[in-house]
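Asker: This is the content of final_35.cif (mmCIF, C-alpha atoms and all ligand atoms):
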data_start
#
loop_
_atom_site.label_atom_id
_atom_site.label_comp_id
_atom_site.auth_asym_id
_atom_site.auth_seq_id
_atom_site.Cartn_x
_atom_site.Cartn_y
_atom_site.Cartn_z
CA MET A 1 -63.27 37.56 -85.14
CA SER A 2 -63.31 39.39 -88.45
CA ASP A 3 -66.54 39.75 -90.38
CA GLN A 4 -64.54 39.83 -93.61
CA ASN A 5 -63.08 36.34 -93.28
CA PRO A 6 -65.03 33.26 -94.20
CA VAL A 7 -65.84 30.82 -91.40
CA PHE A 8 -64.53 27.27 -91.47
CA ILE A 9 -66.96 25.81 -88.98
CA PRO A 10 -69.23 23.05 -90.28
CA GLY A 11 -72.35 25.12 -89.79
CA PRO A 12 -73.68 27.69 -89.66
CA THR A 13 -71.91 28.26 -92.96
CA ASN A 14 -70.95 31.33 -94.98
CA ILE A 15 -73.87 33.26 -96.40
CA PRO A 16 -73.41 34.47 -99.97
CA GLU A 17 -74.19 38.15 -100.50
CA LYS A 18 -76.93 37.17 -102.91
CA LEU A 19 -78.73 35.25 -100.16
CA ARG A 20 -78.27 38.00 -97.59
CA ARG A 21 -80.13 40.27 -99.94
CA ALA A 22 -82.74 37.61 -100.67
CA PHE A 23 -83.85 37.19 -97.08
CA ASP A 24 -83.89 40.91 -96.37
CA VAL A 25 -87.62 41.23 -97.02
CA PRO A 26 -90.32 43.37 -95.45
CA THR A 27 -93.04 41.71 -93.44
CA ILE A 28 -95.87 40.32 -95.48
CA ASP A 29 -99.11 38.98 -94.05
CA HIS A 30 -98.70 35.21 -93.82
CA ARG A 31 -102.44 34.78 -94.20
CA SER A 32 -102.37 36.53 -97.55
CA GLY A 33 -102.08 35.04 -101.02
CA ALA A 34 -98.70 36.75 -101.39
CA PHE A 35 -97.26 34.49 -98.69
CA GLY A 36 -98.53 31.37 -100.45
CA GLU A 37 -96.89 32.54 -103.64
CA MET A 38 -93.57 32.85 -101.87
CA PHE A 39 -93.97 29.68 -99.84
CA LYS A 40 -95.25 27.06 -102.27
CA PRO A 41 -92.28 27.07 -104.71
CA ILE A 42 -89.90 25.77 -102.01
CA PHE A 43 -91.52 22.33 -102.07
CA PRO A 44 -90.55 21.12 -105.55
CA GLY A 45 -87.03 22.45 -104.94
CA LEU A 46 -86.67 20.71 -101.59
CA LYS A 47 -88.03 17.45 -102.98
CA SER A 48 -85.51 17.50 -105.82
CA ILE A 49 -82.66 18.00 -103.33
CA LEU A 50 -83.91 15.18 -101.09
CA LYS A 51 -84.53 13.13 -104.24
CA THR A 52 -88.05 12.18 -103.31
CA THR A 53 -91.16 12.14 -105.42
CA ALA A 54 -93.11 9.80 -103.14
CA GLY A 55 -92.60 11.78 -99.94
CA GLU A 56 -93.73 15.04 -98.39
CA VAL A 57 -91.50 17.82 -97.09
CA VAL A 58 -92.20 20.17 -94.19
CA LEU A 59 -90.32 23.20 -92.89
CA PHE A 60 -90.42 24.14 -89.19
CA PRO A 61 -89.06 27.35 -87.68
CA ALA A 62 -86.28 25.57 -85.78
CA SER A 63 -82.67 24.46 -86.03
CA GLY A 64 -81.78 20.90 -87.00
CA THR A 65 -82.41 19.66 -83.46
CA GLY A 66 -86.07 20.60 -83.89
CA GLY A 67 -86.09 18.45 -87.02
CA TRP A 68 -84.81 15.48 -84.96
CA GLU A 69 -87.58 16.07 -82.43
CA ALA A 70 -90.23 16.33 -85.14
CA ALA A 71 -89.03 13.08 -86.74
CA ILE A 72 -89.17 11.19 -83.46
CA THR A 73 -92.41 12.48 -82.01
CA ASN A 74 -94.57 12.23 -85.12
CA VAL A 75 -94.19 8.53 -85.83
CA LEU A 76 -93.24 6.85 -82.54
CA SER A 77 -94.88 6.16 -79.18
CA PRO A 78 -93.36 6.33 -75.69
CA GLY A 79 -91.66 3.02 -74.85
CA ASP A 80 -90.98 2.16 -78.50
CA THR A 81 -87.54 0.73 -79.20
CA VAL A 82 -85.27 2.41 -81.74
CA LEU A 83 -81.87 1.17 -82.88
CA ALA A 84 -79.08 3.72 -83.18
CA ALA A 85 -75.32 3.64 -83.60
CA ARG A 86 -73.25 6.16 -81.63
CA TYR A 87 -70.02 7.32 -83.24
CA GLY A 88 -69.82 11.04 -82.57
CA MET A 89 -71.43 13.99 -80.84
CA PHE A 90 -74.35 14.33 -83.24
CA SER A 91 -75.37 10.67 -83.25
CA HIS A 92 -75.03 10.88 -79.46
CA ARG A 93 -77.26 13.93 -79.17
CA TRP A 94 -80.02 12.37 -81.27
CA ILE A 95 -79.91 9.30 -78.99
CA ASP A 96 -80.13 11.57 -75.95
CA LEU A 97 -83.15 13.34 -77.46
CA CYS A 98 -84.88 9.98 -78.02
CA GLN A 99 -84.22 8.91 -74.44
CA ARG A 100 -85.62 12.14 -73.08
CA HIS A 101 -88.78 11.46 -75.09
CA GLY A 102 -89.21 8.14 -73.32
CA LEU A 103 -88.03 5.93 -76.15
CA ASN A 104 -85.99 2.83 -75.47
CA VAL A 105 -82.78 3.23 -77.46
CA GLN A 106 -80.84 0.10 -78.34
CA ILE A 107 -77.37 1.57 -78.83
CA ILE A 108 -74.57 0.17 -80.97
CA GLU A 109 -71.34 1.77 -79.76
CA GLU A 110 -68.85 2.40 -82.55
CA GLU A 111 -65.38 3.84 -82.38
CA TRP A 112 -65.47 7.63 -83.04
CA GLY A 113 -63.97 7.85 -86.52
CA ASN A 114 -66.06 4.94 -87.84
CA GLY A 115 -69.48 5.22 -89.44
CA ALA A 116 -72.78 3.40 -89.01
CA PRO A 117 -71.92 -0.33 -89.01
CA ALA A 118 -74.38 -1.85 -91.47
CA ASP A 119 -73.31 -5.40 -90.51
CA ARG A 120 -73.98 -4.88 -86.79
CA ILE A 121 -77.26 -3.13 -87.60
CA GLU A 122 -78.27 -6.15 -89.68
CA GLU A 123 -77.33 -8.50 -86.81
CA ALA A 124 -79.38 -6.51 -84.33
CA LEU A 125 -82.38 -6.49 -86.66
CA ALA A 126 -82.07 -10.18 -87.49
CA SER A 127 -82.15 -11.09 -83.80
CA ASP A 128 -85.28 -8.97 -83.28
CA ALA A 129 -87.73 -11.62 -84.43
CA GLN A 130 -90.67 -9.92 -82.69
CA HIS A 131 -90.01 -6.66 -84.57
CA GLY A 132 -89.80 -4.66 -81.37
CA ILE A 133 -87.47 -2.19 -83.08
CA LYS A 134 -89.64 0.48 -84.67
CA ALA A 135 -86.96 2.63 -86.26
CA VAL A 136 -83.27 2.67 -87.15
CA LEU A 137 -81.54 6.04 -86.70
CA VAL A 138 -78.46 6.96 -88.68
CA CYS A 139 -76.44 10.14 -88.82
CA HIS A 140 -75.41 10.36 -92.50
CA ASN A 141 -72.55 12.76 -91.95
CA GLU A 142 -71.17 12.79 -88.40
CA THR A 143 -70.07 16.40 -88.16
CA ALA A 144 -67.99 15.81 -85.02
CA THR A 145 -65.62 13.36 -86.71
CA GLY A 146 -65.98 14.12 -90.43
CA VAL A 147 -67.39 10.69 -91.21
CA ARG A 148 -69.89 9.83 -93.90
CA SER A 149 -71.97 6.69 -93.43
CA ASP A 150 -73.30 4.50 -96.21
CA ILE A 151 -77.08 4.87 -96.04
CA ALA A 152 -77.66 2.48 -98.96
CA ALA A 153 -75.82 -0.20 -96.96
CA VAL A 154 -78.07 0.42 -93.94
CA ARG A 155 -81.12 0.09 -96.20
CA SER A 156 -79.70 -3.21 -97.48
CA ALA A 157 -79.23 -4.36 -93.88
CA LEU A 158 -82.92 -3.66 -93.17
CA ASN A 159 -83.92 -5.52 -96.32
CA ALA A 160 -81.59 -8.46 -95.68
CA ALA A 161 -83.03 -8.86 -92.17
CA ARG A 162 -86.55 -8.51 -93.65
CA HIS A 163 -87.25 -6.03 -90.88
CA PRO A 164 -90.08 -3.49 -91.16
CA ALA A 165 -88.43 -0.79 -88.99
CA LEU A 166 -88.53 2.74 -90.37
CA LEU A 167 -85.24 4.37 -91.40
CA PHE A 168 -84.55 7.85 -89.99
CA VAL A 169 -81.57 9.77 -91.32
CA ASP A 170 -79.92 12.90 -89.96
CA GLY A 171 -78.70 14.64 -93.09
CA VAL A 172 -78.17 18.06 -91.52
CA SER A 173 -74.55 18.43 -92.63
CA SER A 174 -74.83 16.38 -95.83
CA ILE A 175 -78.04 17.26 -97.65
CA ALA A 176 -77.51 19.85 -100.42
CA SER A 177 -73.74 19.28 -100.24
CA MET A 178 -73.38 15.52 -100.64
CA ASP A 179 -75.43 13.00 -102.57
CA PHE A 180 -78.62 12.02 -100.75
CA ARG A 181 -81.33 9.78 -102.20
CA MET A 182 -84.39 9.62 -100.02
CA ASP A 183 -86.55 7.38 -102.22
CA GLU A 184 -83.81 5.14 -103.59
CA TRP A 185 -82.35 4.48 -100.12
CA GLY A 186 -85.79 3.96 -98.62
CA VAL A 187 -85.36 6.74 -96.07
CA ASP A 188 -88.57 7.31 -94.11
CA LEU A 189 -87.60 10.50 -92.32
CA ALA A 190 -84.82 12.77 -93.53
CA VAL A 191 -83.80 15.74 -91.41
CA THR A 192 -81.82 18.79 -92.44
CA GLY A 193 -81.49 22.47 -91.60
CA SER A 194 -81.19 25.79 -93.39
CA GLN A 195 -77.78 26.78 -92.00
CA LYS A 196 -75.46 24.26 -93.63
CA GLY A 197 -75.69 23.19 -97.28
CA PHE A 198 -78.46 25.71 -97.92
CA MET A 199 -76.12 28.58 -96.93
CA LEU A 200 -78.78 30.41 -94.88
CA PRO A 201 -79.03 31.38 -91.21
CA ALA A 202 -80.38 28.81 -88.77
CA GLY A 203 -84.15 28.83 -88.45
CA GLY A 204 -85.44 26.30 -90.95
CA ALA A 205 -85.69 22.62 -89.96
CA ILE A 206 -86.51 20.62 -93.07
CA VAL A 207 -88.01 17.14 -92.74
CA GLY A 208 -88.72 14.72 -95.58
CA ILE A 209 -91.48 12.23 -94.77
CA SER A 210 -92.04 8.97 -96.67
CA PRO A 211 -95.50 7.48 -97.27
CA ARG A 212 -94.75 4.79 -94.66
CA ALA A 213 -93.86 7.44 -92.10
CA LEU A 214 -97.10 9.25 -92.96
CA SER A 215 -99.11 6.15 -92.09
CA ALA A 216 -97.13 5.57 -88.88
CA MET A 217 -98.03 9.15 -87.91
CA GLU A 218 -101.70 8.18 -87.52
CA THR A 219 -101.06 5.82 -84.61
CA ALA A 220 -98.01 7.46 -82.99
CA ARG A 221 -98.59 8.57 -79.40
CA CYS A 222 -95.53 10.69 -78.55
CA THR A 223 -96.64 14.12 -77.37
CA ARG A 224 -96.30 16.71 -80.09
CA CYS A 225 -97.94 20.02 -80.75
CA TYR A 226 -95.63 22.63 -82.27
CA PHE A 227 -93.95 19.99 -84.43
CA ASP A 228 -97.11 18.11 -85.40
CA PHE A 229 -96.78 17.09 -89.04
CA ARG A 230 -100.56 16.90 -89.34
CA ASP A 231 -101.12 20.62 -88.72
CA MET A 232 -98.34 21.49 -91.13
CA LEU A 233 -99.50 19.10 -93.85
CA ALA A 234 -103.07 20.31 -93.53
CA ALA A 235 -102.12 23.96 -93.97
CA ASN A 236 -99.30 23.84 -96.53
CA PRO A 237 -101.09 22.79 -99.72
CA ASP A 238 -103.09 26.03 -99.72
CA GLY A 239 -100.00 28.08 -98.94
CA GLY A 240 -100.89 28.30 -95.25
CA TYR A 241 -98.87 27.81 -92.10
CA PRO A 242 -100.14 26.69 -88.67
CA TYR A 243 -98.41 29.62 -86.93
CA THR A 244 -96.09 32.48 -87.83
CA PRO A 245 -93.75 31.22 -90.55
CA PRO A 246 -90.00 31.97 -90.73
CA LEU A 247 -90.58 34.37 -93.60
CA ASN A 248 -86.95 35.36 -94.11
CA ILE A 249 -85.79 31.78 -94.23
CA ILE A 250 -88.47 31.01 -96.80
CA ALA A 251 -87.49 34.02 -98.91
CA GLY A 252 -83.84 32.96 -98.72
CA LEU A 253 -84.63 29.34 -99.43
CA ASN A 254 -86.26 30.20 -102.74
CA VAL A 255 -83.04 31.79 -103.93
CA SER A 256 -80.79 29.18 -102.31
CA LEU A 257 -82.68 26.41 -104.11
CA GLN A 258 -82.34 28.32 -107.36
CA MET A 259 -78.58 28.72 -106.84
CA LEU A 260 -78.17 25.00 -106.19
CA GLN A 261 -80.26 24.19 -109.24
CA ASP A 262 -78.33 26.63 -111.45
CA GLU A 263 -75.00 25.16 -110.42
CA GLY A 264 -76.49 21.68 -110.85
CA LEU A 265 -76.52 19.15 -107.98
CA PRO A 266 -73.82 16.93 -109.54
CA ASN A 267 -71.58 20.02 -109.82
CA VAL A 268 -72.38 21.01 -106.24
CA PHE A 269 -71.30 17.56 -105.05
CA ALA A 270 -68.21 17.60 -107.27
CA ARG A 271 -67.23 21.03 -105.92
CA HIS A 272 -67.56 19.80 -102.33
CA HIS A 273 -65.49 16.75 -103.18
CA ARG A 274 -62.77 18.80 -104.81
CA ILE A 275 -62.57 21.33 -102.00
CA ALA A 276 -62.53 18.55 -99.39
CA GLU A 277 -59.82 16.69 -101.27
CA GLY A 278 -57.62 19.80 -101.24
CA VAL A 279 -58.02 20.04 -97.47
CA ARG A 280 -57.15 16.36 -97.15
CA ARG A 281 -54.02 16.85 -99.29
CA ALA A 282 -53.00 19.69 -96.99
CA ALA A 283 -53.56 17.52 -93.90
CA ALA A 284 -51.41 14.79 -95.44
CA ALA A 285 -48.65 17.31 -96.19
CA TRP A 286 -48.72 18.40 -92.54
CA GLY A 287 -48.44 14.77 -91.48
CA LEU A 288 -51.84 14.92 -89.73
CA LYS A 289 -54.28 12.04 -89.85
CA LEU A 290 -57.99 12.51 -90.24
CA CYS A 291 -60.31 11.29 -87.51
CA ALA A 292 -62.22 9.28 -90.15
CA SER A 293 -60.72 5.82 -90.03
CA SER A 294 -60.71 5.09 -93.76
CA PRO A 295 -60.94 6.99 -97.05
CA ARG A 296 -64.34 5.57 -97.90
CA LEU A 297 -65.67 7.34 -94.79
CA TYR A 298 -64.25 10.76 -95.61
CA SER A 299 -66.83 13.51 -95.38
CA GLU A 300 -66.96 16.02 -98.20
CA THR A 301 -68.29 18.75 -95.91
CA VAL A 302 -66.04 18.70 -92.85
CA SER A 303 -62.59 17.32 -92.03
CA ALA A 304 -61.58 16.54 -88.44
CA LEU A 305 -57.77 16.58 -88.19
CA ARG A 306 -56.05 14.70 -85.37
CA VAL A 307 -53.33 16.79 -83.76
CA PRO A 308 -50.01 15.21 -82.71
CA ALA A 309 -49.78 13.73 -79.19
CA GLY A 310 -49.05 16.37 -76.60
CA PHE A 311 -50.88 19.17 -78.42
CA ASP A 312 -54.30 20.51 -77.43
CA SER A 313 -56.43 21.00 -80.54
CA SER A 314 -58.66 23.56 -78.86
CA LYS A 315 -55.68 25.97 -78.83
CA VAL A 316 -55.64 25.84 -82.64
CA VAL A 317 -59.21 27.10 -82.64
CA SER A 318 -58.76 29.81 -80.01
CA HIS A 319 -55.48 31.04 -81.52
CA ALA A 320 -56.98 31.20 -85.02
CA ALA A 321 -59.87 33.25 -83.67
CA ASP A 322 -57.75 35.56 -81.50
CA LYS A 323 -54.85 36.24 -83.81
CA TYR A 324 -56.29 35.85 -87.31
CA GLY A 325 -60.03 36.31 -86.85
CA VAL A 326 -60.86 32.95 -88.40
CA ALA A 327 -63.22 30.31 -87.02
CA PHE A 328 -62.45 26.58 -87.10
CA GLY A 329 -64.43 23.88 -85.29
CA VAL A 330 -63.31 22.48 -81.94
CA GLY A 331 -63.20 18.79 -81.05
CA LEU A 332 -66.41 17.66 -79.38
CA GLY A 333 -67.04 14.94 -76.78
CA ASP A 334 -64.63 11.99 -76.96
CA VAL A 335 -62.37 13.82 -79.40
CA ALA A 336 -62.24 17.15 -77.51
CA GLY A 337 -58.66 18.41 -77.47
CA LYS A 338 -57.65 15.75 -79.98
CA VAL A 339 -59.04 17.08 -83.25
CA PHE A 340 -59.85 20.40 -84.79
CA ARG A 341 -62.30 20.66 -87.66
CA ILE A 342 -62.21 22.50 -90.93
CA GLY A 343 -65.72 22.97 -92.26
CA HIS A 344 -65.82 23.21 -96.05
CA LEU A 345 -69.46 23.16 -97.01
CA GLY A 346 -72.06 25.43 -98.46
CA SER A 347 -70.79 28.64 -99.99
CA MET A 348 -67.16 27.65 -100.48
CA THR A 349 -64.68 27.96 -103.32
CA ASP A 350 -61.15 26.65 -103.86
CA VAL A 351 -59.85 30.15 -103.14
CA MET A 352 -61.75 30.43 -99.86
CA ALA A 353 -60.53 26.98 -98.84
CA LEU A 354 -56.94 28.01 -99.54
CA SER A 355 -57.29 30.92 -97.11
CA GLY A 356 -58.47 28.52 -94.41
CA ILE A 357 -55.67 26.06 -95.12
CA ALA A 358 -53.11 28.89 -95.02
CA THR A 359 -54.53 30.17 -91.73
CA ALA A 360 -54.51 26.73 -90.11
CA GLU A 361 -50.90 26.41 -91.21
CA MET A 362 -49.87 29.76 -89.69
CA VAL A 363 -51.65 28.85 -86.46
CA MET A 364 -49.89 25.50 -86.20
CA ALA A 365 -46.53 27.11 -86.96
CA ASP A 366 -47.22 29.70 -84.21
CA LEU A 367 -48.00 26.87 -81.80
CA ASP A 368 -44.79 24.99 -82.66
CA TYR A 369 -46.43 22.07 -84.44
CA PRO A 370 -43.92 19.90 -86.30
CA ILE A 371 -45.13 21.09 -89.70
CA THR A 372 -43.43 22.88 -92.57
CA ILE A 373 -45.02 26.24 -93.27
CA GLY A 374 -46.32 26.34 -96.82
CA SER A 375 -46.49 22.57 -97.25
CA GLY A 376 -50.26 22.23 -96.85
CA VAL A 377 -51.02 25.26 -98.98
CA ALA A 378 -48.71 23.98 -101.72
CA ALA A 379 -50.33 20.54 -101.69
CA ALA A 380 -53.81 22.06 -101.93
CA GLN A 381 -52.75 24.56 -104.62
CA GLU A 382 -51.30 21.79 -106.70
CA TYR A 383 -54.49 19.77 -106.39
CA TYR A 384 -56.86 22.69 -107.06
CA ARG A 385 -54.79 23.89 -110.01
CA ASN A 386 -55.03 20.51 -111.67
CA SER A 387 -58.60 19.57 -110.79
CA CYS A 388 -60.28 22.92 -111.27
CA ASN A 389 -62.69 23.29 -114.14
CA ALA A 390 -62.63 27.00 -115.00
CA SER A 391 -66.08 27.08 -116.55
CA LYS A 392 -67.60 25.56 -113.41
CA VAL A 393 -65.83 28.04 -111.20
CA GLY A 394 -67.28 30.73 -113.44
CA THR A 395 -70.78 29.37 -112.86
CA GLN A 396 -70.17 29.35 -109.16
CA ARG A 397 -69.15 32.97 -109.20
CA ALA A 398 -72.09 33.95 -111.35
CA ALA A 399 -74.37 32.30 -108.80
C1 LIG B 1 -75.65 20.87 -87.24
C2 LIG B 1 -76.11 19.48 -87.06
C3 LIG B 1 -77.32 19.16 -86.42
C4 LIG B 1 -78.31 20.16 -85.92
O1 LIG B 1 -77.87 21.05 -85.04
P1 LIG B 1 -78.65 22.42 -84.80
O2 LIG B 1 -77.64 23.21 -84.07
O3 LIG B 1 -79.83 22.10 -83.98
O4 LIG B 1 -79.02 22.96 -86.13
C5 LIG B 1 -77.70 17.85 -86.37
N1 LIG B 1 -76.95 16.89 -86.89
C6 LIG B 1 -75.80 17.13 -87.52
C7 LIG B 1 -75.06 16.00 -88.13
C8 LIG B 1 -75.35 18.44 -87.62
O5 LIG B 1 -74.19 18.69 -88.27
#
What's the structure tokens form of this structure?
Ligand SMILES: *Cc1c(COP(=O)(O)O)cnc(C)c1O
Answerer:
Amino acid sequence: MSDQNPVFIPGPTNIPEKLRRAFDVPTIDHRSGAFGEMFKPIFPGLKSILKTTAGEVVLFPASGTGGWEAAITNVLSPGDTVLAARYGMFSHRWIDLCQRHGLNVQIIEEEWGNGAPADRIEEALASDAQHGIKAVLVCHNETATGVRSDIAAVRSALNAARHPALLFVDGVSSIASMDFRMDEWGVDLAVTGSQKGFMLPAGGAIVGISPRALSAMETARCTRCYFDFRDMLAANPDGGYPYTPPLNIIAGLNVSLQMLQDEGLPNVFARHHRIAEGVRRAAAAWGLKLCASSPRLYSETVSALRVPAGFDSSKVVSHAADKYGVAFGVGLGDVAGKVFRIGHLGSMTDVMALSGIATAEMVMADLDYPITIGSGVAAAQEYYRNSCNASKVGTQRAA
């Protein structure tokens, strides 16, 4: 693997030089006022990215999985029923985590390549007249399949069924790269992590908490200690932390939030869309189908490409790493061997994406895929050339 090449895995993502410098900070005493000064500014920034004014945000020293655990244990009790759809490795792993915490998970199985089925969620809620279901769990962007689910539609399903269940959303590979509206969509717990859209190393699990989730917290009986929202929420307003904070992540986050704000969230989303669309044009030119079953489900942060029958997609990933020093994502779970993934989120430009597309093309040519060398690159070049707004690219570079 070369440390000069960008990575094309869907997290952890590339770290811009500016952020690497930002989190290279000396130790400061986290019980001092100086820490509070560094820590407190992250909250308005995080709230504006989650699009919440009503909710609270907390940051745990953990990866995204810790955020899942915090969400579950702070508002639920052992034996509670939660409703979750399974359509990829990440929705699966959140379900597994719930089960290991003694929750009863009512699972809706969906084809991998589909998203959260709002209609089936509504049906399940409508037939739960006793309101045994305490929460609905949705993975916004299923990183294993490159599928984006419609969270507004899931909120409408809850409303249509007049069901009081809380709505928990895994936004680890969408938040800060794709539009996310915590308040408008009525999301009660939103989970994300520092190592994807925020362009930082792993080590910051970010959880948005709605007022309804805050009240549920008072009666929840799942065991929690390290991830207890109450300790965090008691300490944070005065710039305190219940234990040693992830100082470098916090230092980096300040600058990452500033970079996202400077570029402007709508421009960040438009850039992700444009880069993703170039990758999709390349896939079409190669004759490869995406795992996502329809265009409205296409993720803007990761594309999972189905390889032709008879080919093993994991060889694409190992060959790219061995010969060209470039990382792509392997197929996970049900789609292992069948798809490889191109991550295109966080610190990514058209030019970086072109290098990944060109590398994938060389790898497939080396492995005797029935593709025409140059076809994917040409398709992406044509698209980027015609969709690129030079002044925005300039802003990106300045950031
Ligand atoms: C990356 C990711 C996670 C969290 O994984 P960690 O390795 O614990 O950070 C959760 N959900 C999705 C959709 C992800 O992409």
Asker: Nearest to ligand LIG 1 (chain B) among A:Ser194, A:Ser177, A:Asn159, A:Asn14, with distances taken over all atoms listed in the file: which residue is it?
Answerer: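 The shortest atom-to-atom distance to ligand LIG 1 (chain B) comes from A:Ser194.
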Asker: I need the residue nearest Gly278 of chain A from this list: A:Gly208, A:Ala378, A:Thr219, A:Asp334. Use all atoms listed in the file for the distance.
Answerer: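 Checking each of A:Gly208, A:Ala378, A:Thr219, A:Asp334 against Gly278 of chain A, counting all atoms listed in the file, the winner is A:Ala378.
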Asker: Distance atom CA of His319 of chain A-atom CA of Val363 of chain A, one decimal place?
Answerer: 6.6 Å
Asker: Please build the interface table for chain A against ligand LIG 1 (chain B) with a cut-off of 7 Å, listing for each qualifying residue the nearest atom pair and the distance in Å to one decimal; count all atoms listed in the file, order rows by chain and increasing number, and write it as a Markdown table.
Answerer:
| residue | atom | partner | partner_atom | distance |
| --- | --- | --- | --- | --- |
| A:Pro10 | CA | B:LIG1 | O5 | 6.9 |
| A:Gly11 | CA | B:LIG1 | C1 | 6.0 |
| A:Ser63 | CA | B:LIG1 | O4 | 3.9 |
| A:Gly64 | CA | B:LIG1 | O4 | 3.6 |
| A:Thr65 | CA | B:LIG1 | O3 | 3.6 |
| A:Gly66 | CA | B:LIG1 | O3 | 6.4 |
| A:Phe90 | CA | B:LIG1 | N1 | 5.2 |
| A:Cys139 | CA | B:LIG1 | C7 | 6.1 |
| A:Asn141 | CA | B:LIG1 | C7 | 5.6 |
| A:Glu142 | CA | B:LIG1 | C7 | 5.1 |
| A:Thr143 | CA | B:LIG1 | O5 | 4.7 |
| A:Asp170 | CA | B:LIG1 | N1 | 5.8 |
| A:Gly171 | CA | B:LIG1 | C7 | 6.3 |
| A:Val172 | CA | B:LIG1 | C6 | 4.7 |
| A:Ser173 | CA | B:LIG1 | O5 | 4.4 |
| A:Gly193 | CA | B:LIG1 | O4 | 6.0 |
| A:Ala202 | CA | B:LIG1 | O4 | 6.6 |
Asker: Within 12 Å of (-85.2, -10.2, -93.5) in the file's own coordinates, which protein, DNA or RNA residues have an atom, counting all atoms listed in the file? List them as a ChimeraX atom specification.
Answerer: /A:122-129,131,155-165
Asker: Any idea what the distance is between atom CA of Ser313 of chain A and atom CA of Gln381 of chain A?
Answerer: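 We find that atom CA of Ser313 of chain A and atom CA of Gln381 of chain A lie 24.6 Å from each other.
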Asker: Hey, what's within 12 Å of Ala358 of chain A if we count only C-alpha atoms and toss same-chain stuff fewer than 6 positions away? As a list in words, please?
Answerer: Gly278, Val279, Ala282, Ala283, Trp286, Ala320, Tyr324, Val326, Ile342, Val351, Met352, Met364, Ala365, Thr372, Ile373, Gly374, Ser375, Gly376, Val377, Ala378, Ala379, Ala380 and Gln381 of chain A
Asker: As an NGL selection string, please: the residues near Thr53 of chain A (cut-off 12 Å, only C-alpha atoms, same-chain neighbours under 2 positions excluded).
Answerer: :A and (43-51 or 55-57 or 181-184 or 186 or 208-211)
Asker: Show me, as a list of chain:residue names, the residues that have an atom within 8 Å of Val105 of chain A when counting only C-alpha atoms, minus same-chain residues fewer than 5 positions from it.
Answerer: A:Thr81, A:Val82, A:Leu83, A:Ala84, A:Ile95, A:Cys98, A:Gln99
Asker: Nearest to Pro295 of chain A: which of A:Ile107, A:Leu367, A:Val147, A:Leu265 is it, counting all atoms listed in the file?
Answerer: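 Of all the options, A:Val147 lies closest to Pro295 of chain A.
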Asker: Rounded to one decimal place, report the atom CA of His140 of chain A-atom CA of Glu218 of chain A distance in Å.
Answerer: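 Rounded to one decimal, the two atoms are 26.8 Å apart.
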Asker: Pro61 of chain A: which residues within 6 Å, counting all atoms listed in the file, same-chain residues fewer than 2 positions away excluded, as number ranges by chain?
Answerer: A: 203-204, 246
Asker: So, with all atoms listed in the file as the atoms that count, which of A:Ile15, A:Ala285, A:Met89, A:Ile121 lies closest to Gly197 of chain A?
Answerer: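 Selected residue with least distance to Gly197 of chain A: A:Ile15.
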Asker: At the level of N, CA and C atoms, write segment 366-376 of chain A to a file as a JSON list (two decimals), in the first residue's frame, please.
Answerer:
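After the write, decode.json holds the following:
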[["chain", "number", "residue", "atom", "x", "y", "z"],
["A", 366, "ASP", "N", -6.20, -6.17, -15.94],
["A", 366, "ASP", "CA", -5.20, -7.19, -15.54],
["A", 366, "ASP", "C", -5.87, -8.54, -15.26],
["A", 367, "LEU", "N", -7.07, -8.48, -14.70],
["A", 367, "LEU", "CA", -7.75, -9.70, -14.29],
["A", 367, "LEU", "C", -8.67, -10.25, -15.39],
["A", 368, "ASP", "N", -8.49, -9.73, -16.61],
["A", 368, "ASP", "CA", -9.24, -10.22, -17.77],
["A", 368, "ASP", "C", -10.75, -10.02, -17.69],
["A", 369, "TYR", "N", -11.16, -8.92, -17.05],
["A", 369, "TYR", "CA", -12.59, -8.58, -17.08],
["A", 369, "TYR", "C", -12.95, -8.16, -18.51],
["A", 370, "PRO", "N", -14.18, -8.40, -18.91],
["A", 370, "PRO", "CA", -14.60, -7.99, -20.26],
["A", 370, "PRO", "C", -14.92, -6.50, -20.31],
["A", 371, "ILE", "N", -13.90, -5.68, -20.08],
["A", 371, "ILE", "CA", -14.09, -4.23, -20.11],
["A", 371, "ILE", "C", -13.11, -3.62, -21.11],
["A", 372, "THR", "N", -13.41, -2.44, -21.57],
["A", 372, "THR", "CA", -12.49, -1.74, -22.48],
["A", 372, "THR", "C", -11.68, -0.76, -21.65],
["A", 373, "ILE", "N", -10.37, -0.90, -21.69],
["A", 373, "ILE", "CA", -9.53, 0.00, -20.89],
["A", 373, "ILE", "C", -9.72, 1.44, -21.40],
["A", 374, "GLY", "N", -9.90, 2.34, -20.45],
["A", 374, "GLY", "CA", -10.11, 3.74, -20.82],
["A", 374, "GLY", "C", -11.58, 4.14, -20.85],
["A", 375, "SER", "N", -12.46, 3.16, -20.96],
["A", 375, "SER", "CA", -13.89, 3.52, -21.16],
["A", 375, "SER", "C", -14.49, 4.18, -19.92],
["A", 376, "GLY", "N", -14.16, 3.66, -18.74],
["A", 376, "GLY", "CA", -14.72, 4.23, -17.51],
["A", 376, "GLY", "C", -14.13, 5.60, -17.23]]
